[in-house]
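Below you'll find the structure, written out as structure tokens, and then a few comments.
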Amino acid sequence: MGHVRTRVLVRAPVEILFEMAQKVENFSKFVPALKEVKTLERSEDGVSAKVEWIAQAKLLGATRSLTWIQNDEWDRKNFICRFRLCQSSDVQKLKGKWEFRQHTKGTEMIFDIDFQVQHPLVTPAIHLILDQIMRRNNESMLKGLKRKAEQEFWTQW
């Protein structure tokens, strides 16, 4: 099972960043491997959501598609999103949390994820490659959100 932790510091208020992060449909603009992110269900208060993710990754010279549905719980009081796998034929395990912490220079985003991909060819060496792919994709997502948040915040300010 893989575990990846990614951190990014953003020069924008935690409230703005947290609100932007809830618009998960925009993530395919930040992460090249994401082909589509679609909210299937959302609670009336916006706290809970069921989201479908469709990604592609090159592995051993072949492009593989991964599709999964996850449940997101957005804790607005503590600025944390907890997520867990709901359904997938490829992803065996996926859970984690996304924290938004106030920092003297803005907001620190911390993204922790535990995951496991189901495939007969997955070996310990392949797990290392999958960890690198996951880290790169998470960094793309956080840095893309950082660019967008800083641009919007400093333009409005």
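By convention here, the chains of the structure tokens are called A, B, ... in the order presented, each chain's residues are numbered starting at 1, and ligands are numbered starting at 1 in the order presented.
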
Per DSSP on the backbone, filter stretch 20-121 of chain A down to the residues in helix (DSSP H, G or I) and report them as JSON, numbers by chain.
-> {"A": [20, 21, 24, 25, 26, 27, 28, 29]}

Write to file, as a short mmCIF file (atom, residue, chain, number, x, y, z; two decimals), in the first residue's frame, the residues of the selection just made, with all heavy atoms.
data_model
loop_
_atom_site.label_atom_id
_atom_site.label_comp_id
_atom_site.auth_asym_id
_atom_site.auth_seq_id
_atom_site.Cartn_x
_atom_site.Cartn_y
_atom_site.Cartn_z
N MET A 20 -12.37 27.18 -2.58
CA MET A 20 -11.95 26.81 -3.94
C MET A 20 -11.71 25.31 -4.06
O MET A 20 -12.01 24.71 -5.09
CB MET A 20 -10.69 27.58 -4.33
CG MET A 20 -10.91 29.05 -4.51
SD MET A 20 -9.37 29.91 -4.87
CE MET A 20 -9.19 29.46 -6.58
N ALA A 21 -11.16 24.70 -3.02
CA ALA A 21 -10.85 23.27 -3.05
C ALA A 21 -12.11 22.41 -3.17
O ALA A 21 -12.06 21.31 -3.71
CB ALA A 21 -10.06 22.88 -1.80
N VAL A 24 -14.20 20.54 -6.85
CA VAL A 24 -13.33 19.47 -7.34
C VAL A 24 -13.42 19.27 -8.85
O VAL A 24 -12.49 18.75 -9.47
CB VAL A 24 -13.61 18.14 -6.61
CG1 VAL A 24 -13.25 18.25 -5.14
CG2 VAL A 24 -15.05 17.69 -6.79
N GLU A 25 -14.50 19.70 -9.46
CA GLU A 25 -14.66 19.55 -10.91
C GLU A 25 -13.57 20.30 -11.67
O GLU A 25 -13.25 19.97 -12.80
CB GLU A 25 -16.04 20.05 -11.37
CG GLU A 25 -17.20 19.27 -10.81
CD GLU A 25 -17.62 19.72 -9.41
OE1 GLU A 25 -17.06 20.70 -8.86
OE2 GLU A 25 -18.51 19.06 -8.84
N ASN A 26 -12.97 21.31 -11.04
CA ASN A 26 -11.91 22.11 -11.69
C ASN A 26 -10.55 21.43 -11.67
O ASN A 26 -9.63 21.87 -12.34
CB ASN A 26 -11.79 23.47 -11.01
CG ASN A 26 -13.02 24.33 -11.23
OD1 ASN A 26 -13.70 24.22 -12.25
ND2 ASN A 26 -13.34 25.16 -10.26
N PHE A 27 -10.38 20.36 -10.90
CA PHE A 27 -9.07 19.76 -10.71
C PHE A 27 -8.48 19.19 -11.99
O PHE A 27 -7.27 19.12 -12.13
CB PHE A 27 -9.10 18.68 -9.64
CG PHE A 27 -9.32 19.22 -8.24
CD1 PHE A 27 -9.48 18.36 -7.19
CD2 PHE A 27 -9.38 20.58 -7.98
CE1 PHE A 27 -9.68 18.84 -5.91
CE2 PHE A 27 -9.58 21.07 -6.71
CZ PHE A 27 -9.73 20.19 -5.67
N SER A 28 -9.32 18.78 -12.93
CA SER A 28 -8.78 18.24 -14.19
C SER A 28 -8.03 19.32 -14.97
O SER A 28 -7.22 19.00 -15.84
CB SER A 28 -9.88 17.61 -15.04
OG SER A 28 -10.87 18.57 -15.34
N LYS A 29 -8.24 20.60 -14.64
CA LYS A 29 -7.49 21.70 -15.26
C LYS A 29 -6.08 21.80 -14.69
O LYS A 29 -5.18 22.32 -15.33
CB LYS A 29 -8.22 23.02 -15.05
CG LYS A 29 -9.58 23.08 -15.70
CD LYS A 29 -10.31 24.34 -15.31
CE LYS A 29 -11.73 24.32 -15.83
NZ LYS A 29 -12.53 25.43 -15.30
#

Close residues, stretch 130-142 of chain A itself excluded, 8 Å, only C-alpha atoms, min 6 positions apart in chain, as a list in words | Gly2, His3, Val4, Arg5, Thr6, Arg7, Val8, Phe27, Phe30, Val31, Pro32, Ala33, Ala57, Met109 and Phe111 of chain A

Who sits within 6 Å of stretch 44-50 of chain A, only C-alpha atoms, same chain under 3 positions skipped, as an MDAnalysis selection string | chainID A and resid 40:41 70:74

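Put simply, atom CA of A:Ser88 is 21.3 Å away from atom CA of A:Leu128.
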
From stretch 42-146 of chain A, collect each residue whose DSSP state is strand (DSSP E) and return the set as a PyMOL selection string.
-> chain A and resi 42+48-59+62-75+80-88+91-103+106-117

Surrounding residues of A:Leu17 excluding itself and chain neighbours under 4 positions, 8 Å, only C-alpha atoms, as a list in words = Ala12, Pro13, Ala21, Phe100, Thr107, Leu145 and Ala149 of chain A

Residue among A:Ile110, A:Asp90, A:Gly61, A:Val14 lying closest to A:Glu150, counting only C-alpha atoms =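 Closest to A:Glu150 of all the choices is A:Val14.
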